[in-house]
Protein chains: 2
Amino acid sequence: MEFNIENIMNKIDNPKPETWSDILKRPTQTIDDIEVTVKEIFREVQKKGDEAVAKYTSIFDGISQDNYEVSLEEINEAIALIPNELKEAIQLAKENIYKFHKAQKTDRVEVETIEGVSCWQEKRPIQKIGLYIPGGTAPLFSTVLMLAVPAEIAGCKEIVLCSPPDKKGKINPAILYAANLCGVTKILKVGGIQAIAGMTFGTQSIPKVYKIFGPGNQFVTVAKQLATQFGVAIDMPAGPSELLIVADDTAVPAFVASDLLSQAEHGTDSQVILVSTSRKLIGEVEHEVQSQLEVLPRKAIAEKAIENSKLIYVENDQIALDLINEYGPEHFIICSEYDDFYCNGIVNAGSVFIGNYTPESAGDYASGTNHTLPTNGYAKNYSGVNLDSFMKSMTFQKISEKGIQNIGKAIELMADAEGLQAHKNAVTLRLKSLE
Amino acid sequence: MEFNIENIMNKIDNPKPETWSDILKRPTQTIDDIEVTVKEIFREVQKKGDEAVAKYTSIFDGISQDNYEVSLEEINEAIALIPNELKEAIQLAKENIYKFHKAQKTDRVEVETIEGVSCWQEKRPIQKIGLYIPGGTAPLFSTVLMLAVPAEIAGCKEIVLCSPPDKKGKINPAILYAANLCGVTKILKVGGIQAIAGMTFGTQSIPKVYKIFGPGNQFVTVAKQLATQFGVAIDMPAGPSELLIVADDTAVPAFVASDLLSQAEHGTDSQVILVSTSRKLIGEVEHEVQSQLEVLPRKAIAEKAIENSKLIYVENDQIALDLINEYGPEHFIICSEYDDFYCNGIVNAGSVFIGNYTPESAGDYASGTNHTLPTNGYAKNYSGVNLDSFMKSMTFQKISEKGIQNIGKAIELMADAEGLQAHKNAVTLRLKSLE
């Protein structure tokens, strides 16, 4: 049976720059309905603590439990359940993630800006952080590695993990195994809005944290946004996952197609884009997508995402680069003769994958880079999760008598010009004492 | 006339830890009323662009203007108006800020996590940023330096500055002078909510930006929060300015008092706290505050803030440190015999000032550190503005044939365990091609 892919994939030939923003438009998310529910649950958790958490766990997860914390027994049970080869895979991934994030550690930056004025910058860990790991059919234990490993390197004191229980009141064993392996200090069987609210306000069972990380469905996304109104920081705003590939005739069409599909299987709203200077390659990738799609277990999801995908032909690499920077993809794969051109020129992307043997899956799991990345165009203004996401930069200064004499006059003049006399006076008093 | 300061300053002797959170409570801000106004103006600016900006400029700033951009002529006029010694002061401050922020530049971090798997992290500038500088009686030209200098070092392409016009349609000359000195690419005479909305959506005159920095009144604060819902990043959430000083008998009471007052003059809601292991010092500082307060031009404001200030006696330095970390002050001055103890132990503070000759004003203006810092307890989870605030961290990876053979099996196993077959397939295809 010949499946006519050309009807479902959108090919766009040589689009004019003024049409790019339309072509590259992401789906808008409607969150207004959800917001009311989320606010309501926040109010209740703030007021009633565990009682409210229990109520919503019963409503959303369909089970009632009186103890949220995962016990050592449950963790040992989980460890026993994981096949050895998966354990080894997780350990290898952990090691690579550790190496890459450990290398991001920065030294104290110290400068004597002028004689006697010593300024330095140091990073200190955020003391209490929360990780949210969704449950459901795809247990994202890889995300546990991506968040807990750098948190431990940073030196966060409390690393709390919340994940929803299944109908039997359990968390997927691979999640427990990874959490235990990576220094999570407390694992709680709480999911959804009630988990985010719990970590925002603190309840009898759930510790209050200063920053919440991790993916989730629309409810969790809106809950994280709301958490920021109560003083909690979050990793970044969320949106559907995205992949943009730039490829020319040096690319292997089957590989390109497999990468597009690995993005497409994430969800029906996944964003999948191929940009190419070769019409021939576009045609070949189309056919490959078709044949590979047929045998995928998550075909229904991937097919839907592929329907919204775009195959864009452009005349040259400069146009391609401009278009890609306008889009700002979360994941950006370069399979091009001119990979240096793209590496040097890309300013808006979350993570960049270079060459035919660098699939996005490598970064999703095991190469060492982080997979928590800015979507929805946020690559223009947000970093992906990295070691610094778990730390704060603080500055220090120590000024000697000589130092205040060197900059005192300038401070007095500037404070005076800004109309802040007490600011000036703090310096004047000190200068006078040295006369 | 003896002014009885003891009636207005709150002395707290040896408070129990369970009372700290009450003692250290910040004023809650009610933003609900403001939110409606802000949303309304955002909607209108999004829809009508400059027309709406003109309308609200006329309402809030009381003037109508048809051109928002500051001309080269106006800049030259401003330059001529600034006294030479103020120019030199600004230049000295700029140089120190430049040195300290330039030193924060990080190299590319590159790691071969396993043979054939090369991962690296690079920082790229946010392409378009917006700076908001309030107008009014205290023209914060120092904030222009604090934001534009690192933006230029980072390499931001467009640096847009918005500041409200006065009744004559002018921006304070010191602001124009500083903006011109520090590489701002466009200066616009637009203020308040309409400026933030303009930079969020872009209008005929105001460029759309990716991240907005800078202080402002409650309206601007709420507008910046709202901007984040439209894809724009902001420097940090805002709150009233704060200073906490820890001091013992090695401190000079007059200096301590002058620092407390320099914080107090910012606004009636300024947070001013002294923590000490010496009751004697607390008494001396009280008297000094009284006499210095009398002669301040902004006495009315400072007095009000001093009424809400707290002088807290604690038994030892460990208790002091714990209390300070629980508060998480924006500015933290250490005048103590044990300054190393505090420097090493402080984990929640924006900027730290060490010793008797290091007033907060130094960091506000000219030492080189940034004065845009987390308030309201946000020092627990946010960095102060630094070079990285103007950049995004991006990751790159390049995997060789050998590399994918080294990590391929682990990716396959993990993808399989997460139920993501297409992720696995992207690796399987490549491994097969190498058999």
# chains A, B, ... in the order shown; residues from 1 in each chain; ligands from 1
>>> select_by_dssp(residues="stretch 43-277 of chain A", states="strand (DSSP E or B)", output="ChimeraX atom specification")
/A:69,109-114,117-125,128-132,158-162,186-188,211-213,233-234,242-247,271-276
>>> closest_atom_pairs(of="stretch 334-411 of chain A", to="stretch 381-393 of chain B", cutoff="9 Å", atoms="only C-alpha atoms", output="tab-separated table")
residue	atom	partner	partner_atom	distance
A:Val347	CA	B:Lys392	CA	8.9
A:Asn348	CA	B:Lys392	CA	8.7
A:Gly350	CA	B:Ser393	CA	8.1
A:Ala379	CA	B:Lys392	CA	7.8
A:Lys380	CA	B:Lys392	CA	7.9
A:Asn381	CA	B:Lys392	CA	6.5
A:Tyr382	CA	B:Lys392	CA	5.7
A:Ser383	CA	B:Lys392	CA	4.6
A:Gly384	CA	B:Ser393	CA	6.6
A:Val385	CA	B:Ser393	CA	8.5
A:Asn386	CA	B:Ser393	CA	7.8
A:Phe390	CA	B:Asn381	CA	8.5
A:Met391	CA	B:Asn381	CA	7.7
A:Lys392	CA	B:Ser383	CA	4.6
A:Ser393	CA	B:Ser383	CA	4.8
A:Met394	CA	B:Ser383	CA	6.4
A:Thr395	CA	B:Gly384	CA	8.0
>>> atom_distance(atom1="atom CA of B:Ala148", atom2="atom CA of B:Gln65")
26.0 Å
>>> residues_around(residues="stretch 263-269 of chain A", least_positions_apart="3", cutoff="7 Å", atoms="only C-alpha atoms", output="list of chain:residue names")
A:Pro240, A:Glu242, A:Leu243, A:Asp259, A:Leu260, A:Val272, A:Arg298, A:Ile301, A:Ala302, A:Lys304, A:Ala305, A:Ile306, B:Ala422
>>> closest_residue(among="A:Tyr378, A:Arg108, A:Phe219, A:Leu181", to="A:Trp120", atoms="only C-alpha atoms")
A:Arg108
>>> residues_around(residues="B:Ala247", least_positions_apart="2", cutoff="7 Å", atoms="only C-alpha atoms", output="count of residues only")
8
>>> closest_residue(among="B:Gln194, B:Thr143, B:Ser71, B:Gln127", to="chain A", atoms="only C-alpha atoms")
B:Gln127
>>> closest_residue(among="B:Ala227, B:Ala233, B:Tyr68, B:Phe201", to="B:Ile126", atoms="only C-alpha atoms")
B:Ala233
>>> atom_distance(atom1="atom CA of B:Tyr132", atom2="atom CA of B:Met199")
9.7 Å
>>> select_by_dssp(residues="stretch 224-432 of chain B", states="alpha helix (DSSP H)", output="short mmCIF file (atom, residue, chain, number, x, y, z; two decimals) with N, CA, C and O atoms, in the first residue's frame")
data_model
loop_
_atom_site.label_atom_id
_atom_site.label_comp_id
_atom_site.auth_asym_id
_atom_site.auth_seq_id
_atom_site.Cartn_x
_atom_site.Cartn_y
_atom_site.Cartn_z
N LYS B 224 6.16 44.36 34.16
CA LYS B 224 7.24 43.42 33.83
C LYS B 224 6.80 41.99 34.08
O LYS B 224 7.07 41.09 33.28
N GLN B 225 6.11 41.76 35.19
CA GLN B 225 5.57 40.42 35.45
C GLN B 225 4.66 39.96 34.32
O GLN B 225 4.73 38.83 33.86
N LEU B 226 3.79 40.87 33.90
CA LEU B 226 2.85 40.51 32.83
C LEU B 226 3.58 40.23 31.53
O LEU B 226 3.20 39.34 30.76
N ALA B 227 4.65 40.98 31.27
CA ALA B 227 5.43 40.78 30.04
C ALA B 227 5.91 39.34 29.91
O ALA B 227 5.97 38.78 28.81
N PRO B 253 29.94 53.05 64.99
CA PRO B 253 28.49 53.31 65.04
C PRO B 253 28.02 54.37 64.04
O PRO B 253 26.95 54.20 63.41
N ALA B 254 28.80 55.41 63.85
CA ALA B 254 28.37 56.48 62.93
C ALA B 254 28.31 55.95 61.50
O ALA B 254 27.40 56.31 60.73
N PHE B 255 29.25 55.10 61.13
CA PHE B 255 29.23 54.54 59.77
C PHE B 255 28.02 53.62 59.60
O PHE B 255 27.32 53.66 58.58
N VAL B 256 27.80 52.78 60.62
CA VAL B 256 26.66 51.86 60.55
C VAL B 256 25.35 52.64 60.39
O VAL B 256 24.52 52.32 59.54
N ALA B 257 25.22 53.69 61.20
CA ALA B 257 24.00 54.51 61.12
C ALA B 257 23.86 55.14 59.74
O ALA B 257 22.76 55.18 59.17
N SER B 258 24.97 55.60 59.19
CA SER B 258 24.89 56.26 57.87
C SER B 258 24.47 55.26 56.79
O SER B 258 23.76 55.62 55.84
N ASP B 259 24.89 54.01 56.93
CA ASP B 259 24.49 53.00 55.96
C ASP B 259 23.00 52.67 56.10
O ASP B 259 22.28 52.53 55.10
N LEU B 260 22.56 52.53 57.34
CA LEU B 260 21.13 52.26 57.56
C LEU B 260 20.29 53.38 56.95
O LEU B 260 19.28 53.13 56.29
N LEU B 261 20.74 54.61 57.13
CA LEU B 261 19.98 55.75 56.61
C LEU B 261 20.03 55.83 55.10
O LEU B 261 19.08 56.25 54.45
N SER B 262 21.16 55.44 54.52
CA SER B 262 21.24 55.51 53.05
C SER B 262 20.26 54.51 52.44
O SER B 262 19.70 54.74 51.37
N GLN B 263 20.03 53.41 53.16
CA GLN B 263 19.00 52.50 52.69
C GLN B 263 17.61 53.09 52.93
O GLN B 263 16.73 53.02 52.07
N ALA B 264 17.43 53.69 54.10
CA ALA B 264 16.11 54.20 54.49
C ALA B 264 15.62 55.31 53.56
O ALA B 264 14.41 55.44 53.33
N ARG B 279 24.90 44.68 72.64
CA ARG B 279 23.81 45.60 73.00
C ARG B 279 24.34 47.05 73.02
O ARG B 279 23.61 47.98 72.72
N LYS B 280 25.62 47.14 73.36
CA LYS B 280 26.24 48.47 73.41
C LYS B 280 26.21 49.11 72.02
O LYS B 280 25.81 50.26 71.84
N LEU B 281 26.64 48.35 71.02
CA LEU B 281 26.66 48.90 69.67
C LEU B 281 25.25 49.30 69.22
O LEU B 281 25.05 50.37 68.64
N ILE B 282 24.28 48.47 69.53
CA ILE B 282 22.90 48.79 69.14
C ILE B 282 22.49 50.15 69.71
O ILE B 282 21.93 51.00 69.00
N GLY B 283 22.81 50.36 70.97
CA GLY B 283 22.49 51.65 71.60
C GLY B 283 23.20 52.81 70.91
O GLY B 283 22.59 53.85 70.62
N GLU B 284 24.46 52.63 70.60
CA GLU B 284 25.22 53.71 69.96
C GLU B 284 24.70 54.01 68.55
O GLU B 284 24.62 55.17 68.14
N VAL B 285 24.36 52.98 67.84
CA VAL B 285 23.84 53.18 66.49
C VAL B 285 22.51 53.94 66.53
O VAL B 285 22.28 54.85 65.74
N GLU B 286 21.70 53.59 67.51
CA GLU B 286 20.42 54.30 67.67
C GLU B 286 20.62 55.80 67.77
O GLU B 286 19.92 56.59 67.13
N HIS B 287 21.55 56.19 68.62
CA HIS B 287 21.79 57.61 68.81
C HIS B 287 22.33 58.27 67.56
O HIS B 287 21.94 59.39 67.21
N GLU B 288 23.20 57.57 66.88
CA GLU B 288 23.77 58.11 65.64
C GLU B 288 22.69 58.29 64.57
O GLU B 288 22.68 59.27 63.84
N VAL B 289 21.81 57.31 64.48
CA VAL B 289 20.72 57.40 63.49
C VAL B 289 19.92 58.67 63.74
O VAL B 289 19.63 59.45 62.84
N GLN B 290 19.64 58.89 65.02
CA GLN B 290 18.86 60.06 65.41
C GLN B 290 19.51 61.37 64.96
O GLN B 290 18.87 62.21 64.31
N SER B 291 20.76 61.52 65.25
CA SER B 291 21.38 62.81 64.94
C SER B 291 21.60 62.98 63.44
O SER B 291 21.41 64.06 62.89
N GLN B 292 21.95 61.88 62.74
CA GLN B 292 22.16 62.00 61.29
C GLN B 292 20.84 62.22 60.54
O GLN B 292 20.80 62.90 59.52
N LEU B 293 19.79 61.62 61.05
CA LEU B 293 18.48 61.72 60.39
C LEU B 293 18.02 63.17 60.29
O LEU B 293 17.46 63.60 59.28
N GLU B 294 18.30 63.92 61.38
CA GLU B 294 17.81 65.29 61.48
C GLU B 294 18.18 66.17 60.29
O GLU B 294 17.42 67.06 59.92
N LYS B 299 14.49 63.42 54.86
CA LYS B 299 14.21 62.98 56.22
C LYS B 299 12.85 62.31 56.36
O LYS B 299 12.70 61.27 57.02
N ALA B 300 11.85 62.89 55.74
CA ALA B 300 10.49 62.37 55.90
C ALA B 300 10.39 60.91 55.45
O ALA B 300 9.78 60.07 56.11
N ILE B 301 11.02 60.66 54.30
CA ILE B 301 11.02 59.28 53.78
C ILE B 301 11.81 58.36 54.70
O ILE B 301 11.35 57.30 55.12
N ALA B 302 13.03 58.81 55.01
CA ALA B 302 13.93 57.97 55.81
C ALA B 302 13.33 57.66 57.18
O ALA B 302 13.43 56.54 57.69
N GLU B 303 12.69 58.65 57.77
CA GLU B 303 12.12 58.48 59.10
C GLU B 303 11.06 57.39 59.10
O GLU B 303 11.00 56.55 59.99
N LYS B 304 10.26 57.42 58.06
CA LYS B 304 9.19 56.42 57.92
C LYS B 304 9.80 55.01 57.81
O LYS B 304 9.31 54.07 58.44
N ALA B 305 10.85 54.90 57.00
CA ALA B 305 11.49 53.58 56.84
C ALA B 305 12.15 53.14 58.14
O ALA B 305 12.13 51.96 58.49
N ILE B 306 12.72 54.11 58.86
CA ILE B 306 13.38 53.80 60.14
C ILE B 306 12.36 53.29 61.16
O ILE B 306 12.65 52.42 61.98
N GLU B 307 11.15 53.79 61.07
CA GLU B 307 10.08 53.30 61.97
C GLU B 307 9.87 51.79 61.83
O GLU B 307 9.52 51.11 62.77
N ASP B 317 27.48 34.69 67.00
CA ASP B 317 27.56 34.89 65.55
C ASP B 317 26.88 33.78 64.76
O ASP B 317 26.37 34.02 63.67
N GLN B 318 26.87 32.57 65.29
CA GLN B 318 26.19 31.49 64.57
C GLN B 318 24.69 31.76 64.47
O GLN B 318 24.09 31.58 63.40
N ILE B 319 24.12 32.22 65.57
CA ILE B 319 22.69 32.56 65.54
C ILE B 319 22.46 33.70 64.55
O ILE B 319 21.52 33.67 63.75
N ALA B 320 23.35 34.68 64.59
CA ALA B 320 23.22 35.81 63.66
C ALA B 320 23.23 35.32 62.21
O ALA B 320 22.37 35.69 61.41
N LEU B 321 24.19 34.46 61.90
CA LEU B 321 24.31 33.95 60.53
C LEU B 321 23.05 33.19 60.10
O LEU B 321 22.54 33.38 58.99
N ASP B 322 22.56 32.34 60.99
CA ASP B 322 21.35 31.57 60.66
C ASP B 322 20.18 32.50 60.37
O ASP B 322 19.43 32.31 59.40
N LEU B 323 20.04 33.52 61.22
CA LEU B 323 18.94 34.47 61.04
C LEU B 323 19.10 35.23 59.71
O LEU B 323 18.13 35.42 58.97
N ILE B 324 20.31 35.60 59.40
CA ILE B 324 20.56 36.36 58.16
C ILE B 324 20.27 35.49 56.93
O ILE B 324 19.64 35.94 55.97
N ASN B 325 20.70 34.23 56.98
CA ASN B 325 20.40 33.33 55.86
C ASN B 325 18.90 33.08 55.73
O ASN B 325 18.40 32.86 54.63
N GLU B 326 18.19 33.09 56.84
CA GLU B 326 16.74 32.93 56.74
C GLU B 326 16.10 34.16 56.07
O GLU B 326 15.15 34.03 55.31
N TYR B 327 16.66 35.34 56.35
CA TYR B 327 16.11 36.56 55.75
C TYR B 327 16.51 36.70 54.28
O TYR B 327 15.69 37.01 53.43
N ASP B 339 34.61 38.54 60.13
CA ASP B 339 34.03 38.71 58.79
C ASP B 339 34.23 37.48 57.90
O ASP B 339 33.37 37.18 57.07
N ASP B 340 35.30 36.75 58.09
CA ASP B 340 35.49 35.52 57.32
C ASP B 340 34.39 34.50 57.59
O ASP B 340 33.90 33.83 56.67
N PHE B 341 34.03 34.40 58.86
CA PHE B 341 32.96 33.49 59.24
C PHE B 341 31.67 33.82 58.47
O PHE B 341 31.01 32.93 57.92
N TYR B 342 31.35 35.09 58.40
CA TYR B 342 30.12 35.50 57.69
C TYR B 342 30.26 35.32 56.17
O TYR B 342 29.33 34.89 55.51
N CYS B 343 31.42 35.68 55.64
CA CYS B 343 31.63 35.54 54.19
C CYS B 343 31.50 34.09 53.75
O CYS B 343 30.90 33.80 52.72
N ASN B 344 32.07 33.21 54.52
CA ASN B 344 32.01 31.80 54.14
C ASN B 344 30.63 31.19 54.36
O ASN B 344 30.22 30.30 53.64
N GLY B 345 29.95 31.69 55.37
CA GLY B 345 28.69 31.05 55.75
C GLY B 345 27.45 31.63 55.08
O GLY B 345 26.39 31.01 55.08
N GLU B 360 27.42 50.62 51.51
CA GLU B 360 26.58 50.16 50.41
C GLU B 360 26.66 51.12 49.22
O GLU B 360 26.63 50.69 48.07
N SER B 361 26.78 52.40 49.48
CA SER B 361 26.83 53.37 48.36
C SER B 361 27.94 53.06 47.37
O SER B 361 27.84 53.39 46.20
N ALA B 362 29.01 52.45 47.86
CA ALA B 362 30.13 52.12 46.96
C ALA B 362 29.63 51.18 45.86
O ALA B 362 29.90 51.40 44.68
N GLY B 363 28.92 50.16 46.28
CA GLY B 363 28.39 49.20 45.30
C GLY B 363 27.23 49.78 44.51
O GLY B 363 26.96 49.37 43.38
N ASP B 364 26.53 50.74 45.08
CA ASP B 364 25.43 51.38 44.35
C ASP B 364 25.95 52.16 43.15
O ASP B 364 25.25 52.35 42.17
N TYR B 365 27.17 52.65 43.25
CA TYR B 365 27.65 53.57 42.23
C TYR B 365 28.94 53.17 41.51
O TYR B 365 28.98 53.19 40.29
N GLU B 401 31.67 8.25 14.79
CA GLU B 401 31.19 6.87 14.64
C GLU B 401 31.56 6.05 15.87
O GLU B 401 30.75 5.30 16.41
N LYS B 402 32.78 6.23 16.31
CA LYS B 402 33.24 5.55 17.52
C LYS B 402 32.38 5.97 18.73
O LYS B 402 32.02 5.14 19.57
N GLY B 403 32.07 7.25 18.78
CA GLY B 403 31.30 7.79 19.90
C GLY B 403 29.90 7.17 19.99
O GLY B 403 29.45 6.77 21.07
N ILE B 404 29.21 7.07 18.86
CA ILE B 404 27.85 6.52 18.91
C ILE B 404 27.91 5.03 19.26
O ILE B 404 27.00 4.50 19.92
N GLN B 405 29.01 4.39 18.87
CA GLN B 405 29.17 2.98 19.27
C GLN B 405 29.39 2.86 20.77
O GLN B 405 28.94 1.91 21.40
N ASN B 406 30.01 3.88 21.36
CA ASN B 406 30.26 3.84 22.81
C ASN B 406 29.00 4.09 23.65
O ASN B 406 28.87 3.54 24.73
N ILE B 407 28.12 4.96 23.16
CA ILE B 407 26.95 5.27 24.00
C ILE B 407 25.64 4.76 23.40
O ILE B 407 24.59 4.84 24.04
N GLY B 408 25.69 4.23 22.18
CA GLY B 408 24.47 3.83 21.48
C GLY B 408 23.62 2.83 22.25
O GLY B 408 22.40 3.01 22.40
N LYS B 409 24.29 1.80 22.77
CA LYS B 409 23.56 0.74 23.48
C LYS B 409 22.81 1.32 24.69
O LYS B 409 21.65 0.97 24.94
N ALA B 410 23.48 2.21 25.42
CA ALA B 410 22.85 2.82 26.61
C ALA B 410 21.61 3.64 26.20
O ALA B 410 20.57 3.58 26.85
N ILE B 411 21.73 4.36 25.09
CA ILE B 411 20.59 5.16 24.63
C ILE B 411 19.43 4.23 24.25
O ILE B 411 18.28 4.47 24.62
N GLU B 412 19.74 3.19 23.53
CA GLU B 412 18.69 2.25 23.12
C GLU B 412 17.94 1.69 24.33
O GLU B 412 16.71 1.64 24.35
N LEU B 413 18.70 1.28 25.33
CA LEU B 413 18.08 0.69 26.52
C LEU B 413 17.20 1.69 27.26
O LEU B 413 16.10 1.38 27.71
N MET B 414 17.72 2.90 27.40
CA MET B 414 16.97 3.91 28.15
C MET B 414 15.73 4.36 27.38
O MET B 414 14.65 4.50 27.96
N ALA B 415 15.87 4.56 26.07
CA ALA B 415 14.73 4.97 25.26
C ALA B 415 13.65 3.89 25.31
O ALA B 415 12.46 4.17 25.44
N ASP B 416 14.09 2.66 25.21
CA ASP B 416 13.17 1.54 25.27
C ASP B 416 12.42 1.52 26.61
O ASP B 416 11.20 1.35 26.66
N ALA B 417 13.16 1.73 27.69
CA ALA B 417 12.54 1.70 29.02
C ALA B 417 11.59 2.87 29.22
O ALA B 417 10.65 2.79 30.03
N GLN B 421 10.20 4.51 21.21
CA GLN B 421 10.80 3.63 20.21
C GLN B 421 11.51 4.40 19.10
O GLN B 421 12.55 3.97 18.60
N ALA B 422 10.96 5.53 18.71
CA ALA B 422 11.59 6.30 17.63
C ALA B 422 12.91 6.90 18.10
O ALA B 422 13.85 7.06 17.30
N HIS B 423 13.00 7.21 19.40
CA HIS B 423 14.28 7.68 19.95
C HIS B 423 15.32 6.58 19.83
O HIS B 423 16.47 6.82 19.47
N LYS B 424 14.89 5.37 20.16
CA LYS B 424 15.79 4.22 20.05
C LYS B 424 16.18 4.00 18.59
O LYS B 424 17.36 3.80 18.27
N ASN B 425 15.19 4.08 17.73
CA ASN B 425 15.41 3.80 16.31
C ASN B 425 16.45 4.72 15.66
O ASN B 425 17.22 4.29 14.80
N ALA B 426 16.47 5.98 16.10
CA ALA B 426 17.43 6.93 15.55
C ALA B 426 18.87 6.46 15.82
O ALA B 426 19.78 6.73 15.04
N VAL B 427 19.04 5.76 16.92
CA VAL B 427 20.37 5.23 17.24
C VAL B 427 20.60 3.89 16.53
O VAL B 427 21.66 3.66 15.94
N THR B 428 19.60 3.04 16.57
CA THR B 428 19.72 1.70 15.95
C THR B 428 20.13 1.80 14.49
O THR B 428 21.04 1.10 14.03
N LEU B 429 19.46 2.70 13.76
CA LEU B 429 19.79 2.90 12.34
C LEU B 429 21.26 3.25 12.15
O LEU B 429 21.93 2.74 11.26
N ARG B 430 21.75 4.12 12.99
CA ARG B 430 23.15 4.54 12.86
C ARG B 430 24.11 3.41 13.24
O ARG B 430 25.10 3.19 12.57
N LEU B 431 23.79 2.71 14.32
CA LEU B 431 24.66 1.60 14.72
C LEU B 431 24.71 0.54 13.61
O LEU B 431 25.77 0.02 13.28
N LYS B 432 23.55 0.24 13.02
CA LYS B 432 23.49 -0.76 11.95
C LYS B 432 24.35 -0.35 10.76
O LYS B 432 25.02 -1.17 10.14
#
>>> closest_residue(among="B:Ile79, B:Ile273, B:Ala238, B:Val53", to="chain A", atoms="only C-alpha atoms")
B:Ala238
>>> atom_distance(atom1="atom CA of A:Gly216", atom2="atom CA of B:Pro237")
23.8 Å
>>> closest_residue(among="A:Pro165, A:Pro207, A:Gly191, A:Pro134", to="chain B", atoms="only C-alpha atoms")
A:Pro134
>>> closest_residue(among="B:Glu315, B:Glu337, B:Glu330, B:Glu18", to="chain A", atoms="only C-alpha atoms")
B:Glu330
>>> residues_around(residues="B:Ile129", least_positions_apart="4", cutoff="8 Å", atoms="only C-alpha atoms", output="PyMOL selection string")
chain B and resi 156+158-160+209-213
>>> residues_around(residues="stretch 92-102 of chain A", least_positions_apart="2", cutoff="6 Å", atoms="only C-alpha atoms", output="number ranges by chain")
A: 89-90, 104-105, 366, 368, 387; B: 113
